[in-house]
>>> print(open('model24.csv').read())   # CSV, C-alpha atoms
chain,number,residue,atom,x,y,z
A,271,MET,CA,-20.5,112.6,-83.1
A,272,LYS,CA,-19.3,114.0,-79.8
A,273,LYS,CA,-16.3,115.7,-81.5
A,274,LYS,CA,-18.6,117.2,-84.1
A,275,LEU,CA,-20.9,118.7,-81.4
A,276,ILE,CA,-17.9,120.1,-79.6
A,277,PHE,CA,-16.7,121.7,-82.9
A,278,ILE,CA,-20.1,123.2,-83.6
A,279,GLY,CA,-20.3,124.5,-80.0
A,280,ALA,CA,-16.9,126.1,-80.3
A,281,PHE,CA,-17.7,127.7,-83.6
A,282,ILE,CA,-21.0,129.2,-82.3
A,283,LEU,CA,-19.1,130.5,-79.3
A,284,LEU,CA,-16.4,132.1,-81.5
A,285,ILE,CA,-19.1,133.8,-83.7
A,286,PHE,CA,-20.8,135.1,-80.6
A,287,LEU,CA,-17.5,136.5,-79.2
A,288,LEU,CA,-16.7,138.1,-82.5
A,289,LEU,CA,-20.1,139.8,-82.7
A,290,PHE,CA,-19.9,140.9,-79.1
A,291,GLY,CA,-16.4,142.3,-79.6
A,292,THR,CA,-17.6,144.2,-82.7
A,293,PHE,CA,-20.5,145.6,-80.8
A,294,LYS,CA,-18.3,146.8,-78.0
A,295,LEU,CA,-15.8,148.3,-80.4
A,296,MET,CA,-18.5,150.0,-82.3
A,297,ASN,CA,-19.9,151.7,-79.2
A,298,ALA,CA,-16.6,152.3,-77.3
A,299,ARG,CA,-16.3,155.8,-76.0
A,300,THR,CA,-12.6,155.5,-75.0
A,301,PHE,CA,-11.0,153.3,-77.6
A,302,GLN,CA,-10.7,152.8,-81.4
A,303,LEU,CA,-8.4,150.8,-83.6
A,304,PHE,CA,-6.7,153.7,-85.5
A,305,GLY,CA,-5.8,157.3,-84.8
A,306,GLY,CA,-6.4,159.6,-81.8
A,307,LEU,CA,-9.5,159.7,-79.7
A,308,THR,CA,-10.4,162.1,-77.0
A,309,HIS,CA,-13.3,161.5,-74.6
A,310,GLN,CA,-11.9,163.7,-71.8
A,311,VAL,CA,-8.6,165.3,-70.9
A,312,GLU,CA,-6.4,164.6,-67.9
A,313,THR,CA,-5.8,167.9,-66.2
A,314,ASN,CA,-5.6,169.4,-62.7
A,315,GLN,CA,-7.4,172.5,-63.8
A,316,LYS,CA,-11.2,172.8,-63.2
A,317,VAL,CA,-12.2,173.2,-66.8
A,318,VAL,CA,-14.8,171.4,-68.9
A,319,ALA,CA,-15.8,171.6,-72.6
A,320,LEU,CA,-19.5,172.0,-73.5
A,321,THR,CA,-20.2,170.3,-76.8
A,322,PHE,CA,-23.4,170.3,-78.9
A,323,ASP,CA,-24.3,167.7,-81.6
A,324,ASP,CA,-26.5,168.1,-84.6
A,325,GLY,CA,-28.0,171.1,-86.3
A,326,PRO,CA,-27.7,174.0,-86.9
A,327,THR,CA,-31.4,174.8,-86.4
A,328,LYS,CA,-33.3,177.9,-85.4
A,329,ASN,CA,-32.5,177.0,-81.8
A,330,VAL,CA,-29.2,178.6,-82.4
A,331,ASP,CA,-31.0,181.9,-81.7
A,332,ASP,CA,-31.7,180.7,-78.1
A,333,ILE,CA,-28.3,178.9,-77.5
A,334,ILE,CA,-26.1,181.8,-78.5
A,335,PRO,CA,-27.5,184.4,-76.1
A,336,LEU,CA,-27.4,181.9,-73.2
A,337,LEU,CA,-23.7,181.1,-73.8
A,338,LYS,CA,-23.0,184.8,-74.3
A,339,LYS,CA,-24.7,185.6,-71.0
A,340,TYR,CA,-22.0,183.5,-69.2
A,341,ASP,CA,-19.2,184.4,-71.6
A,342,ILE,CA,-18.8,180.7,-72.8
A,343,LYS,CA,-17.3,179.4,-76.0
A,344,ALA,CA,-18.6,176.0,-76.9
A,345,THR,CA,-17.9,173.4,-79.5
A,346,PHE,CA,-20.7,172.6,-82.1
A,347,PHE,CA,-20.5,169.4,-84.2
A,348,LEU,CA,-22.7,170.3,-87.1
A,349,ILE,CA,-24.4,168.1,-89.8
A,350,GLY,CA,-23.8,169.1,-93.4
A,351,ASN,CA,-27.3,168.9,-94.8
A,352,GLU,CA,-28.6,170.9,-91.8
A,353,MET,CA,-26.0,173.6,-92.6
A,354,GLU,CA,-27.3,173.7,-96.1
A,355,GLU,CA,-30.8,174.2,-94.8
A,356,ASN,CA,-29.8,176.8,-92.2
A,357,PRO,CA,-26.6,178.5,-93.4
A,358,GLU,CA,-27.2,181.7,-91.5
A,359,GLU,CA,-27.4,179.8,-88.2
A,360,ALA,CA,-24.0,178.2,-89.0
A,361,GLU,CA,-22.5,181.6,-89.7
A,362,LYS,CA,-23.9,183.0,-86.4
A,363,LEU,CA,-22.0,180.3,-84.5
A,364,VAL,CA,-18.8,181.0,-86.4
A,365,ASN,CA,-19.2,184.8,-85.9
A,366,GLU,CA,-19.6,184.3,-82.1
A,367,GLY,CA,-16.3,182.6,-82.0
A,368,HIS,CA,-17.4,179.0,-81.2
A,369,GLN,CA,-15.5,176.0,-82.3
A,370,ILE,CA,-17.1,174.1,-85.2
A,371,GLY,CA,-16.7,170.4,-85.7
A,372,ASN,CA,-17.8,167.9,-88.4
A,373,HIS,CA,-20.7,165.5,-87.6
A,374,THR,CA,-21.0,164.1,-91.1
A,375,TYR,CA,-23.2,165.3,-93.9
A,376,SER,CA,-26.2,163.0,-93.5
A,377,HIS,CA,-25.8,161.7,-89.9
A,378,HIS,CA,-25.8,158.1,-91.0
A,379,ARG,CA,-24.1,155.8,-88.6
A,380,MET,CA,-20.5,155.4,-89.9
A,381,ILE,CA,-20.3,151.7,-89.7
A,382,LEU,CA,-20.1,149.2,-92.6
A,383,LYS,CA,-19.7,152.1,-95.0
A,384,SER,CA,-17.5,152.2,-98.1
A,385,PRO,CA,-14.3,154.4,-98.0
A,386,SER,CA,-15.8,156.6,-100.7
A,387,PHE,CA,-19.0,157.2,-98.6
A,388,ILE,CA,-16.9,158.1,-95.5
A,389,LYS,CA,-14.7,160.4,-97.6
A,390,GLU,CA,-17.7,162.2,-99.1
A,391,GLU,CA,-19.6,162.6,-95.8
A,392,ILE,CA,-16.6,164.2,-94.1
A,393,GLU,CA,-15.2,166.3,-96.9
A,394,LYS,CA,-18.6,167.7,-98.1
A,395,THR,CA,-19.2,168.8,-94.5
A,396,ASP,CA,-15.8,170.3,-94.2
A,397,ASP,CA,-16.5,172.4,-97.3
A,398,LEU,CA,-19.7,173.7,-95.8
A,399,ILE,CA,-18.0,174.5,-92.5
A,400,ARG,CA,-15.4,176.6,-94.4
A,401,LYS,CA,-18.1,178.2,-96.4
A,402,ALA,CA,-19.7,179.3,-93.2
A,403,GLY,CA,-16.5,181.2,-92.5
A,404,TYR,CA,-14.8,178.9,-90.0
A,405,THR,CA,-11.0,178.9,-90.3
A,406,GLY,CA,-9.9,176.8,-87.3
A,407,GLU,CA,-9.1,173.1,-86.9
A,408,ILE,CA,-12.1,170.9,-87.8
A,409,ASP,CA,-12.5,168.1,-85.3
A,410,PHE,CA,-14.8,165.2,-86.0
A,411,ARG,CA,-17.4,163.4,-84.0
A,412,PRO,CA,-19.2,160.2,-85.4
A,413,PRO,CA,-23.0,160.1,-85.3
A,414,ASN,CA,-24.1,158.3,-82.2
A,415,GLY,CA,-20.4,157.8,-81.4
A,416,LYS,CA,-20.4,154.7,-83.6
A,417,LYS,CA,-17.3,153.5,-85.4
A,418,ILE,CA,-15.4,150.3,-86.2
A,419,MET,CA,-12.6,150.4,-88.7
A,420,GLY,CA,-13.2,152.4,-91.9
A,421,LEU,CA,-14.0,155.7,-90.2
A,422,PRO,CA,-11.0,155.7,-87.7
A,423,TYR,CA,-8.7,154.6,-90.5
A,424,TYR,CA,-9.8,157.5,-92.7
A,425,LEU,CA,-9.4,160.0,-89.8
A,426,SER,CA,-5.9,158.6,-88.9
A,427,LYS,CA,-4.7,159.0,-92.5
A,428,HIS,CA,-5.8,162.6,-92.4
A,429,ASN,CA,-4.3,163.3,-88.9
A,430,ARG,CA,-7.7,164.0,-87.3
A,431,ASP,CA,-8.9,163.2,-83.9
A,432,THR,CA,-12.2,161.5,-83.0
A,433,ILE,CA,-13.8,163.6,-80.3
A,434,MET,CA,-16.1,161.7,-78.0
A,435,TRP,CA,-17.4,162.6,-74.5
A,436,ASN,CA,-17.6,161.3,-71.0
A,437,ILE,CA,-20.8,163.0,-69.8
A,438,GLU,CA,-24.1,162.8,-71.6
A,439,PRO,CA,-26.9,164.1,-69.5
A,440,ASP,CA,-29.7,164.2,-72.0
A,441,THR,CA,-29.0,160.6,-73.1
A,442,PHE,CA,-30.3,159.3,-69.7
A,443,TYR,CA,-32.7,162.0,-68.6
A,444,THR,CA,-35.2,164.4,-70.0
A,445,ASP,CA,-36.0,166.4,-66.9
A,446,ALA,CA,-33.7,169.4,-66.4
A,447,GLU,CA,-33.1,168.8,-62.7
A,448,ASP,CA,-32.1,165.2,-63.3
A,449,GLN,CA,-29.7,166.3,-66.0
A,450,ILE,CA,-28.1,168.8,-63.7
A,451,GLU,CA,-27.7,166.3,-60.9
A,452,TYR,CA,-26.2,163.7,-63.3
A,453,VAL,CA,-23.6,166.2,-64.4
A,454,ASN,CA,-22.8,167.2,-60.8
A,455,ASP,CA,-22.3,163.5,-59.8
A,456,ASN,CA,-20.0,162.7,-62.8
A,457,VAL,CA,-18.0,165.8,-63.7
A,458,THR,CA,-14.3,165.8,-63.2
A,459,PRO,CA,-11.6,168.3,-64.4
A,460,GLY,CA,-11.2,167.8,-68.2
A,461,SER,CA,-14.7,166.4,-68.8
A,462,ILE,CA,-16.3,166.7,-72.2
A,463,ILE,CA,-20.1,167.2,-71.9
A,464,LEU,CA,-22.4,166.3,-74.8
A,465,MET,CA,-25.8,168.0,-75.2
A,466,HIS,CA,-28.5,168.1,-77.8
A,467,ALA,CA,-30.2,171.4,-77.7
A,468,MET,CA,-30.7,171.9,-81.4
A,469,TYR,CA,-34.1,170.1,-81.5
A,470,ASP,CA,-35.4,171.1,-78.1
A,471,LYS,CA,-39.0,172.2,-78.4
A,472,THR,CA,-40.0,172.0,-74.8
A,473,GLY,CA,-37.4,174.3,-73.3
A,474,GLU,CA,-36.3,171.6,-70.9
A,475,GLU,CA,-32.9,171.2,-72.6
A,476,MET,CA,-32.2,174.9,-72.4
A,477,ARG,CA,-33.2,174.9,-68.7
A,478,ALA,CA,-30.8,172.0,-68.2
A,479,LEU,CA,-28.1,173.8,-70.0
A,480,GLU,CA,-28.3,176.9,-67.9
A,481,GLY,CA,-28.6,174.9,-64.7
A,482,ILE,CA,-25.4,173.0,-65.6
A,483,ILE,CA,-23.6,176.2,-66.4
A,484,GLN,CA,-24.6,177.8,-63.1
A,485,SER,CA,-23.9,174.7,-61.0
A,486,LEU,CA,-20.5,174.0,-62.5
A,487,SER,CA,-19.6,177.7,-62.3
A,488,ASN,CA,-20.5,177.7,-58.6
A,489,GLN,CA,-18.1,174.8,-58.1
A,490,GLY,CA,-15.3,176.8,-59.7
A,491,TYR,CA,-15.3,175.3,-63.2
A,492,THR,CA,-14.7,177.3,-66.3
A,493,PHE,CA,-15.8,176.4,-69.8
A,494,VAL,CA,-13.5,176.0,-72.8
A,495,THR,CA,-13.6,174.6,-76.4
A,496,VAL,CA,-12.5,171.1,-77.1
A,497,ASN,CA,-9.3,172.4,-78.8
A,498,GLU,CA,-8.5,174.6,-75.8
A,499,LEU,CA,-9.2,171.7,-73.4
A,500,GLN,CA,-6.7,169.4,-75.4
A,501,GLU,CA,-4.0,172.0,-74.9
A,502,LEU,CA,-4.3,171.7,-71.1
A,503,LYS,CA,-3.6,168.0,-71.1
A,504,GLY,CA,-1.2,167.1,-68.3
A,505,ASN,CA,-1.4,170.6,-66.8
>>> encode(input="model24.csv", output="structure tokens")
Amino acid sequence: MKKKLIFIGAFILLIFLLLFGTFKLMNARTFQLFGGLTHQVETNQKVVALTFDDGPTKNVDDIIPLLKKYDIKATFFLIGNEMEENPEEAEKLVNEGHQIGNHTYSHHRMILKSPSFIKEEIEKTDDLIRKAGYTGEIDFRPPNGKKIMGLPYYLSKHNRDTIMWNIEPDTFYTDAEDQIEYVNDNVTPGSIILMHAMYDKTGEEMRALEGIIQSLSNQGYTFVTVNELQELKGN
């Protein structure tokens, strides 16, 4: 009886450890089982990459002028079905010279999905990005940053990096001043900053964005795209 209880206890512990390990892997910002992953770049130069997830939406008409005001090129990870709804906004981002990345077609979390689902989500969005006129390398960012095995395996087979981030101000704060302070406290050369300005209806995200740009510029930072940042690795 005692041995049976020990066996049951060990089995429950094993299941718990497996579930915990899967959860940690699914949410890991700096590691995946297959292929390349970039969450920041080791560099001595004071550069950062501004990245935006989701959209495009009508907010593009507010984001573009702000970035243009400070002569910044950013990286936008766009959703396929939003590109279908707002094709002109996608084209505007391309025409302004920003880097465009793939954020899946439906924004479903890419875990426990079939290979065919993963393939369609990515390739359908790639086609829409090309239709918008973008000719550069198409990087990929998983919705909510979640991945386990199927997605990284697909990307590794197609020689594509997973682009994550190491600073996410609007994940923790809604107030613009708090977001700016968070970035100032955590930024390092080579940081990748994630923001969600596409659905901002209060203007707080735009205020945070401009405040972050001003603050980092005053500290001597310059802004580059993700691909440009990757080229500076080790320099």
>>> residues_around(input="model24.csv", residues="Ser426 (chain A)", least_positions_apart="4", cutoff="9 Å", atoms="all atoms listed in the file", output="VMD selection string")
chain A and resid 304 to 306 421 to 422 430 to 431
>>> residues_around(input="model24.csv", residues="Ala344 (chain A)", least_positions_apart="6", cutoff="7 Å", atoms="only C-alpha atoms", output="PyMOL selection string")
chain A and resi 319-321+368-369+494-495
>>> residues_around(input="model24.csv", residues="region 440-442 of chain A", least_positions_apart="5", cutoff="10 Å", atoms="only C-alpha atoms", output="list of chain:residue names")
A:Asp448, A:Gln449, A:Ile450, A:Tyr452, A:Val453, A:Leu464, A:Met465, A:His466, A:Ala467, A:Glu474, A:Glu475, A:Ala478, A:Leu479
>>> write_last_selection(input="model24.csv", atoms="C-alpha atoms", output="short mmCIF file (atom, residue, chain, number, x, y, z; two decimals), keeping the file's coordinate frame")
data_model
loop_
_atom_site.label_atom_id
_atom_site.label_comp_id
_atom_site.auth_asym_id
_atom_site.auth_seq_id
_atom_site.Cartn_x
_atom_site.Cartn_y
_atom_site.Cartn_z
CA ASP A 448 -32.10 165.20 -63.30
CA GLN A 449 -29.70 166.30 -66.00
CA ILE A 450 -28.10 168.80 -63.70
CA TYR A 452 -26.20 163.70 -63.30
CA VAL A 453 -23.60 166.20 -64.40
CA LEU A 464 -22.40 166.30 -74.80
CA MET A 465 -25.80 168.00 -75.20
CA HIS A 466 -28.50 168.10 -77.80
CA ALA A 467 -30.20 171.40 -77.70
CA GLU A 474 -36.30 171.60 -70.90
CA GLU A 475 -32.90 171.20 -72.60
CA ALA A 478 -30.80 172.00 -68.20
CA LEU A 479 -28.10 173.80 -70.00
#
>>> closest_residue(input="model24.csv", among="A:Thr395, A:Thr313, A:Thr327, A:Thr308", to="Met468 (chain A)", atoms="all atoms listed in the file")
A:Thr327
>>> closest_residue(input="model24.csv", among="A:Lys416, A:Asp409, A:Thr458, A:Gln310", to="His428 (chain A)", atoms="all atoms listed in the file")
A:Asp409
>>> residues_around(input="model24.csv", residues="Leu363 (chain A)", least_positions_apart="6", cutoff="9 Å", atoms="only C-alpha atoms", output="PyMOL selection string")
chain A and resi 326+330+334+346+369-370
>>> write_last_selection(input="model24.csv", atoms="C-alpha atoms", output="JSON list (two decimals), keeping the file's coordinate frame")
[["chain", "number", "residue", "atom", "x", "y", "z"],
["A", 326, "PRO", "CA", -27.70, 174.00, -86.90],
["A", 330, "VAL", "CA", -29.20, 178.60, -82.40],
["A", 334, "ILE", "CA", -26.10, 181.80, -78.50],
["A", 346, "PHE", "CA", -20.70, 172.60, -82.10],
["A", 369, "GLN", "CA", -15.50, 176.00, -82.30],
["A", 370, "ILE", "CA", -17.10, 174.10, -85.20]]
>>> residues_around(input="model24.csv", residues="Pro412 (chain A)", least_positions_apart="2", cutoff="8 Å", atoms="all atoms listed in the file", output="list in words")
His373, Thr374, Arg379, Met380, Phe410, Asn414, Gly415, Lys416, Lys417 and Thr432 of chain A
>>> atom_distance(input="model24.csv", atom1="CA of Val457 (chain A)", atom2="CA of Ile437 (chain A)")
7.3 Å
>>> atom_distance(input="model24.csv", atom1="CA of Lys328 (chain A)", atom2="CA of Val364 (chain A)")
14.9 Å
>>> closest_residue(input="model24.csv", among="A:Gly367, A:Pro413, A:Gly420, A:Pro357", to="Ile388 (chain A)", atoms="only C-alpha atoms")
A:Gly420
>>> atom_distance(input="model24.csv", atom1="CA of Ile333 (chain A)", atom2="CA of Glu480 (chain A)")
9.8 Å
>>> closest_residue(input="model24.csv", among="A:Ile392, A:Gly406, A:Gly460, A:Tyr469", to="Lys503 (chain A)", atoms="all atoms listed in the file")
A:Gly460
>>> closest_residue(input="model24.csv", among="A:Gln315, A:Asn429, A:Asn351, A:Ser485", to="Lys394 (chain A)", atoms="all atoms listed in the file")
A:Asn351
>>> closest_residue(input="model24.csv", among="A:Glu407, A:Asp396, A:Glu359, A:Glu312", to="Asp332 (chain A)", atoms="all atoms listed in the file")
A:Glu359
